[in-house]
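Peer 1: I am sharing data.pdb, which consists of PDB, C-alpha atoms:
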```
ATOM      1  CA  MET A   1      -8.981-107.407  74.692  1.00  0.00           C
ATOM      2  CA  SER A   2     -12.226-106.917  72.814  1.00  0.00           C
ATOM      3  CA  ALA A   3     -12.369-106.490  69.049  1.00  0.00           C
ATOM      4  CA  TYR A   4     -14.145-103.131  69.121  1.00  0.00           C
ATOM      5  CA  ASN A   5     -11.939-101.447  71.740  1.00  0.00           C
ATOM      6  CA  ARG A   6      -8.175-101.075  71.514  1.00  0.00           C
ATOM      7  CA  ASP A   7      -7.831-100.787  75.311  1.00  0.00           C
ATOM      8  CA  GLY A   8      -4.181 -99.954  76.043  1.00  0.00           C
ATOM      9  CA  LEU A   9      -2.816-100.747  72.574  1.00  0.00           C
ATOM     10  CA  SER A  10      -1.330 -97.968  70.476  1.00  0.00           C
ATOM     11  CA  VAL A  11      -3.119 -97.139  67.235  1.00  0.00           C
ATOM     12  CA  ASP A  12      -0.274 -98.777  65.285  1.00  0.00           C
ATOM     13  CA  ALA A  13      -0.471-102.020  67.270  1.00  0.00           C
ATOM     14  CA  TYR A  14      -4.270-102.081  66.997  1.00  0.00           C
ATOM     15  CA  LEU A  15      -4.203-101.556  63.220  1.00  0.00           C
ATOM     16  CA  VAL A  16      -1.578-104.305  62.824  1.00  0.00           C
ATOM     17  CA  ARG A  17      -3.865-106.591  64.837  1.00  0.00           C
ATOM     18  CA  ILE A  18      -6.780-105.764  62.492  1.00  0.00           C
ATOM     19  CA  LEU A  19      -4.587-106.384  59.415  1.00  0.00           C
ATOM     20  CA  ALA A  20      -3.496-109.773  60.802  1.00  0.00           C
ATOM     21  CA  ALA A  21      -7.169-110.693  61.382  1.00  0.00           C
ATOM     22  CA  LEU A  22      -8.032-109.642  57.812  1.00  0.00           C
ATOM     23  CA  CYS A  23      -5.222-111.842  56.472  1.00  0.00           C
ATOM     24  CA  ARG A  24      -6.546-114.802  58.458  1.00  0.00           C
ATOM     25  CA  GLN A  25     -10.090-114.126  57.238  1.00  0.00           C
ATOM     26  CA  ALA A  26      -8.853-114.064  53.627  1.00  0.00           C
ATOM     27  CA  GLY A  27      -7.136-117.458  53.967  1.00  0.00           C
ATOM     28  CA  GLY A  28      -3.754-116.205  55.163  1.00  0.00           C
ATOM     29  CA  GLU A  29      -2.926-113.646  52.489  1.00  0.00           C
ATOM     30  CA  LEU A  30      -4.084-110.207  51.407  1.00  0.00           C
ATOM     31  CA  ARG A  31      -2.885-108.629  48.204  1.00  0.00           C
ATOM     32  CA  VAL A  32      -3.123-104.891  47.603  1.00  0.00           C
ATOM     33  CA  LYS A  33      -2.044-103.132  44.416  1.00  0.00           C
ATOM     34  CA  GLY A  34       0.766-100.638  44.924  1.00  0.00           C
ATOM     35  CA  GLU A  35      -1.180 -97.879  43.176  1.00  0.00           C
ATOM     36  CA  LEU A  36      -3.925 -98.188  45.804  1.00  0.00           C
ATOM     37  CA  VAL A  37      -1.396 -97.863  48.620  1.00  0.00           C
ATOM     38  CA  ASP A  38       0.044 -94.778  46.894  1.00  0.00           C
ATOM     39  CA  ALA A  39      -3.452 -93.282  46.445  1.00  0.00           C
ATOM     40  CA  VAL A  40      -4.023 -93.427  50.204  1.00  0.00           C
ATOM     41  CA  GLY A  41      -1.395 -90.683  50.538  1.00  0.00           C
ATOM     42  CA  GLU A  42      -4.013 -88.310  49.140  1.00  0.00           C
ATOM     43  CA  ALA A  43      -6.921 -86.991  51.223  1.00  0.00           C
ATOM     44  CA  THR A  44      -8.295 -90.135  52.873  1.00  0.00           C
ATOM     45  CA  ALA A  45     -10.320 -90.787  55.999  1.00  0.00           C
ATOM     46  CA  LEU A  46     -10.413 -94.217  57.644  1.00  0.00           C
ATOM     47  CA  LEU A  47     -13.441 -94.853  59.855  1.00  0.00           C
ATOM     48  CA  LYS A  48     -13.793 -97.799  62.215  1.00  0.00           C
ATOM     49  CA  SER A  49     -17.181 -98.691  63.652  1.00  0.00           C
ATOM     50  CA  TRP A  50     -18.759-101.705  65.345  1.00  0.00           C
ATOM     51  CA  ASP A  51     -21.729-103.642  63.978  1.00  0.00           C
ATOM     52  CA  SER A  52     -23.249-105.009  67.180  1.00  0.00           C
ATOM     53  CA  THR A  53     -25.837-107.153  65.371  1.00  0.00           C
ATOM     54  CA  LYS A  54     -23.184-109.122  63.452  1.00  0.00           C
ATOM     55  CA  GLN A  55     -20.416-108.638  66.063  1.00  0.00           C
ATOM     56  CA  GLU A  56     -18.033-107.349  63.379  1.00  0.00           C
ATOM     57  CA  LEU A  57     -15.631-104.483  62.964  1.00  0.00           C
ATOM     58  CA  VAL A  58     -16.502-102.259  60.011  1.00  0.00           C
ATOM     59  CA  LEU A  59     -13.717-100.330  58.295  1.00  0.00           C
ATOM     60  CA  MET A  60     -14.681 -97.682  55.727  1.00  0.00           C
ATOM     61  CA  VAL A  61     -12.550 -95.361  53.632  1.00  0.00           C
ATOM     62  CA  ASN A  62     -13.543 -91.985  52.234  1.00  0.00           C
ATOM     63  CA  MET A  63     -11.196 -91.057  49.415  1.00  0.00           C
ATOM     64  CA  GLY A  64     -12.939 -87.852  48.396  1.00  0.00           C
ATOM     65  CA  SER A  65     -11.247 -84.517  48.083  1.00  0.00           C
ATOM     66  CA  PHE A  66     -12.941 -83.351  51.263  1.00  0.00           C
ATOM     67  CA  GLY A  67     -13.952 -85.405  54.254  1.00  0.00           C
ATOM     68  CA  GLU A  68     -14.027 -84.763  57.960  1.00  0.00           C
ATOM     69  CA  VAL A  69     -14.644 -86.949  60.975  1.00  0.00           C
ATOM     70  CA  TYR A  70     -16.232 -85.366  64.038  1.00  0.00           C
ATOM     71  CA  ARG A  71     -16.363 -86.916  67.460  1.00  0.00           C
ATOM     72  CA  VAL A  72     -19.496 -86.014  69.356  1.00  0.00           C
ATOM     73  CA  VAL A  73     -19.216 -86.411  73.098  1.00  0.00           C
ATOM     74  CA  PRO A  74     -22.619 -86.267  74.780  1.00  0.00           C
ATOM     75  CA  GLU A  75     -22.982 -84.000  77.770  1.00  0.00           C
ATOM     76  CA  ARG A  76     -23.417 -85.656  81.103  1.00  0.00           C
ATOM     77  CA  GLN A  77     -27.072 -85.767  82.042  1.00  0.00           C
ATOM     78  CA  THR A  78     -28.166 -85.586  85.646  1.00  0.00           C
ATOM     79  CA  GLN A  79     -30.298 -88.585  86.389  1.00  0.00           C
ATOM     80  CA  LYS A  80     -33.582 -87.925  88.101  1.00  0.00           C
ATOM     81  CA  GLU A  81     -34.785 -90.454  90.590  1.00  0.00           C
ATOM     82  CA  PRO A  82     -38.290 -91.797  90.001  1.00  0.00           C
ATOM     83  CA  VAL A  83     -41.039 -90.277  92.122  1.00  0.00           C
ATOM     84  CA  PRO A  84     -42.222 -92.859  94.650  1.00  0.00           C
ATOM     85  CA  MET A  85     -45.901 -93.748  94.449  1.00  0.00           C
ATOM     86  CA  ARG A  86     -47.994 -92.678  97.407  1.00  0.00           C
ATOM     87  CA  PRO A  87     -50.391 -95.170  98.961  1.00  0.00           C
ATOM     88  CA  ALA A  88     -54.064 -94.608  98.261  1.00  0.00           C
ATOM     89  CA  PRO A  89     -55.482 -92.053 100.690  1.00  0.00           C
ATOM     90  CA  ILE A  90     -57.716 -93.449 103.398  1.00  0.00           C
ATOM     91  CA  ASN A  91     -60.043 -90.425 103.584  1.00  0.00           C
ATOM     92  CA  GLY A  92     -61.328 -90.900 100.012  1.00  0.00           C
ATOM     93  CA  GLN A  93     -59.492 -88.013  98.389  1.00  0.00           C
ATOM     94  CA  THR A  94     -58.040 -88.612  94.949  1.00  0.00           C
ATOM     95  CA  PHE A  95     -54.308 -88.542  94.287  1.00  0.00           C
ATOM     96  CA  ASP A  96     -53.032 -86.126  91.630  1.00  0.00           C
ATOM     97  CA  PRO A  97     -49.932 -87.634  89.909  1.00  0.00           C
ATOM     98  CA  LEU A  98     -48.972 -84.201  88.523  1.00  0.00           C
ATOM     99  CA  ASP A  99     -48.878 -82.677  91.997  1.00  0.00           C
ATOM    100  CA  LYS A 100     -45.077 -83.189  92.263  1.00  0.00           C
ATOM    101  CA  LEU A 101     -44.528 -81.337  88.972  1.00  0.00           C
ATOM    102  CA  PHE A 102     -45.970 -78.102  90.274  1.00  0.00           C
ATOM    103  CA  THR A 103     -44.462 -78.133  93.755  1.00  0.00           C
ATOM    104  CA  PRO A 104     -40.724 -77.457  93.456  1.00  0.00           C
ATOM    105  CA  THR A 105     -38.390 -79.652  95.442  1.00  0.00           C
ATOM    106  CA  PRO A 106     -34.808 -78.628  96.213  1.00  0.00           C
ATOM    107  CA  PRO A 107     -32.300 -80.320  93.899  1.00  0.00           C
ATOM    108  CA  GLU A 108     -30.206 -83.070  95.379  1.00  0.00           C
ATOM    109  CA  PRO A 109     -26.427 -82.649  95.307  1.00  0.00           C
ATOM    110  CA  SER A 110     -24.764 -84.484  92.452  1.00  0.00           C
ATOM    111  CA  ARG A 111     -23.242 -87.825  93.408  1.00  0.00           C
ATOM    112  CA  GLU A 112     -21.092 -88.025  90.296  1.00  0.00           C
ATOM    113  CA  HIS A 113     -17.365 -87.513  90.546  1.00  0.00           C
ATOM    114  CA  PRO A 114     -15.998 -84.983  88.050  1.00  0.00           C
ATOM    115  CA  ARG A 115     -13.885 -86.445  85.262  1.00  0.00           C
ATOM    116  CA  ALA A 116     -10.263 -85.421  85.309  1.00  0.00           C
ATOM    117  CA  GLY A 117      -7.826 -85.009  82.485  1.00  0.00           C
ATOM    118  CA  SER A 118      -9.335 -82.615  79.981  1.00  0.00           C
ATOM    119  CA  THR A 119      -9.265 -78.842  80.353  1.00  0.00           C
ATOM    120  CA  LEU A 120     -12.510 -78.734  78.396  1.00  0.00           C
ATOM    121  CA  ASP A 121     -14.365 -80.363  81.298  1.00  0.00           C
ATOM    122  CA  ASP A 122     -13.491 -77.557  83.736  1.00  0.00           C
ATOM    123  CA  THR A 123     -14.993 -74.366  82.319  1.00  0.00           C
ATOM    124  CA  GLU A 124     -13.704 -72.160  85.151  1.00  0.00           C
ATOM    125  CA  ARG A 125     -10.133 -73.361  84.619  1.00  0.00           C
ATOM    126  CA  LEU A 126     -10.526 -72.994  80.851  1.00  0.00           C
ATOM    127  CA  SER A 127     -11.733 -69.425  81.301  1.00  0.00           C
ATOM    128  CA  LYS A 128      -8.703 -68.597  83.477  1.00  0.00           C
ATOM    129  CA  LEU A 129      -6.342 -70.151  80.904  1.00  0.00           C
ATOM    130  CA  GLU A 130      -7.917 -68.139  78.071  1.00  0.00           C
ATOM    131  CA  SER A 131      -7.669 -64.934  80.112  1.00  0.00           C
ATOM    132  CA  ALA A 132      -3.996 -65.560  80.939  1.00  0.00           C
ATOM    133  CA  LEU A 133      -3.180 -66.262  77.276  1.00  0.00           C
ATOM    134  CA  GLN A 134      -4.977 -63.111  76.172  1.00  0.00           C
ATOM    135  CA  LYS A 135      -3.004 -61.021  78.701  1.00  0.00           C
ATOM    136  CA  ARG A 136       0.270 -62.520  77.431  1.00  0.00           C
ATOM    137  CA  ARG A 137      -0.710 -61.786  73.818  1.00  0.00           C
ATOM    138  CA  ILE A 138      -1.573 -58.171  74.623  1.00  0.00           C
ATOM    139  CA  ALA A 139       1.674 -57.716  76.582  1.00  0.00           C
ATOM    140  CA  ARG A 140       3.691 -59.152  73.698  1.00  0.00           C
ATOM    141  CA  LEU A 141       1.953 -56.915  71.136  1.00  0.00           C
ATOM    142  CA  PHE A 142       2.488 -53.876  73.357  1.00  0.00           C
ATOM    143  CA  GLU A 143       6.171 -54.768  73.762  1.00  0.00           C
ATOM    144  CA  GLU A 144       6.612 -55.175  69.989  1.00  0.00           C
ATOM    145  CA  GLU A 145       4.910 -51.827  69.374  1.00  0.00           C
ATOM    146  CA  MET A 146       7.187 -50.095  71.905  1.00  0.00           C
ATOM    147  CA  ARG A 147      10.295 -51.642  70.286  1.00  0.00           C
ATOM    148  CA  ALA A 148       9.132 -50.467  66.861  1.00  0.00           C
ATOM    149  CA  LYS A 149       8.560 -46.901  68.172  1.00  0.00           C
ATOM    150  CA  ARG A 150      12.011 -46.848  69.864  1.00  0.00           C
ATOM    151  CA  GLY A 151      13.617 -48.078  66.667  1.00  0.00           C
ATOM    152  CA  ALA A 152      11.849 -45.385  64.602  1.00  0.00           C
ATOM    153  CA  ALA A 153      12.818 -42.672  67.102  1.00  0.00           C
ATOM    154  CA  GLN A 154      16.497 -43.699  67.027  1.00  0.00           C
ATOM    155  CA  SER A 155      16.625 -43.643  63.219  1.00  0.00           C
TER     156      SER A 155
END
```
Let's see the structure in the file written out as structure tokens.
Peer 2:
Amino acid sequence: MSAYNRDGLSVDAYLVRILAALCRQAGGELRVKGELVDAVGEATALLKSWDSTKQELVLMVNMGSFGEVYRVVPERQTQKEPVPMRPAPINGQTFDPLDKLFTPTPPEPSREHPRAGSTLDDTERLSKLESALQKRRIARLFEEEMRAKRGAAQS
């Protein structure tokens, strides 16, 4: 298991592993004041990052009244294959390297396999799920309205 990736460990097990490493680094013992442990119950964000130059884990705490952590997942980019160089023409004509830019070529089919697991990756499925939920919401609201009208009519 690498230090920067928890692999299959749960968050609890990974954090205990980090705490044990910190104790070793400090000579076998870490002491933390109880008031500091109690203060962590307030709005606190713990951020773990990796310093690749020093090969160290970096733990930072934000104990402000407002802090958010956002995970940015880059979109998958389609990789373009390099344009092969043409051999020098024999008849003395010059080669224009920008020629390929202005003559469209049909796109090649993607060779990547779609990732599975997240509904956010499949926009068509996500759209169907949203539509189904909206229909259920409207049906429920309509049903509640009809019950309220029947109850008012009976009174």
Peer 1: Rank A:Ala3, A:Arg147, A:Ala132, A:Gly34 by their smallest atom-to-atom distance to Gln55 of chain A, using only C-alpha atoms, and report the top residue only.
Peer 2: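 Among the listed residues, A:Ala3 lies closest to Gln55 of chain A.
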Peer 1: Quick check, in Å to one decimal: how far apart do atom CA of Thr44 of chain A and atom CA of Leu59 of chain A lie?
Peer 2: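 Spanning atom CA of Thr44 of chain A to atom CA of Leu59 of chain A is a straight-line distance of 12.8 Å.
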Peer 1: Any idea what the distance is between atom CA of Glu56 of chain A and atom CA of Val73 of chain A?
Peer 2: 23.1 Å
Peer 1: Interatomic distance between atom CA of Trp50 of chain A and atom CA of Asn5 of chain A?
Peer 2: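 Atom-to-atom, atom CA of Trp50 of chain A and atom CA of Asn5 of chain A are spaced 9.4 Å apart.
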Peer 1: Enclose the full set of atoms of segment 14-31 of chain A listed in the file within a box whose edges lie along x, y and z, apply 6 Å of padding to each of the six sides, and report centre and edge lengths in Å to one decimal as lines of an AutoDock Vina configuration file.
Peer 2:
```
center_x = -5.8
center_y = -109.5
center_z = 57.6
size_x = 20.5
size_y = 27.9
size_z = 30.8
```
Peer 1: Tell me, as a PDB file with C-alpha atoms, in the frame of the given file, which residues lie within 9 Å of Leu46 of chain A, counting all atoms listed in the file; anything in the same chain fewer than 3 positions away does not count.
Peer 2:
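As a result, result-v8.pdb now contains:
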```pdb
ATOM      1  CA  LEU A  59     -13.717-100.330  58.295  1.00  0.00           C
ATOM      2  CA  MET A  60     -14.681 -97.682  55.727  1.00  0.00           C
ATOM      3  CA  VAL A  61     -12.550 -95.361  53.632  1.00  0.00           C
ATOM      4  CA  ASN A  62     -13.543 -91.985  52.234  1.00  0.00           C
ATOM      5  CA  MET A  63     -11.196 -91.057  49.415  1.00  0.00           C
TER       6      MET A  63
END
```
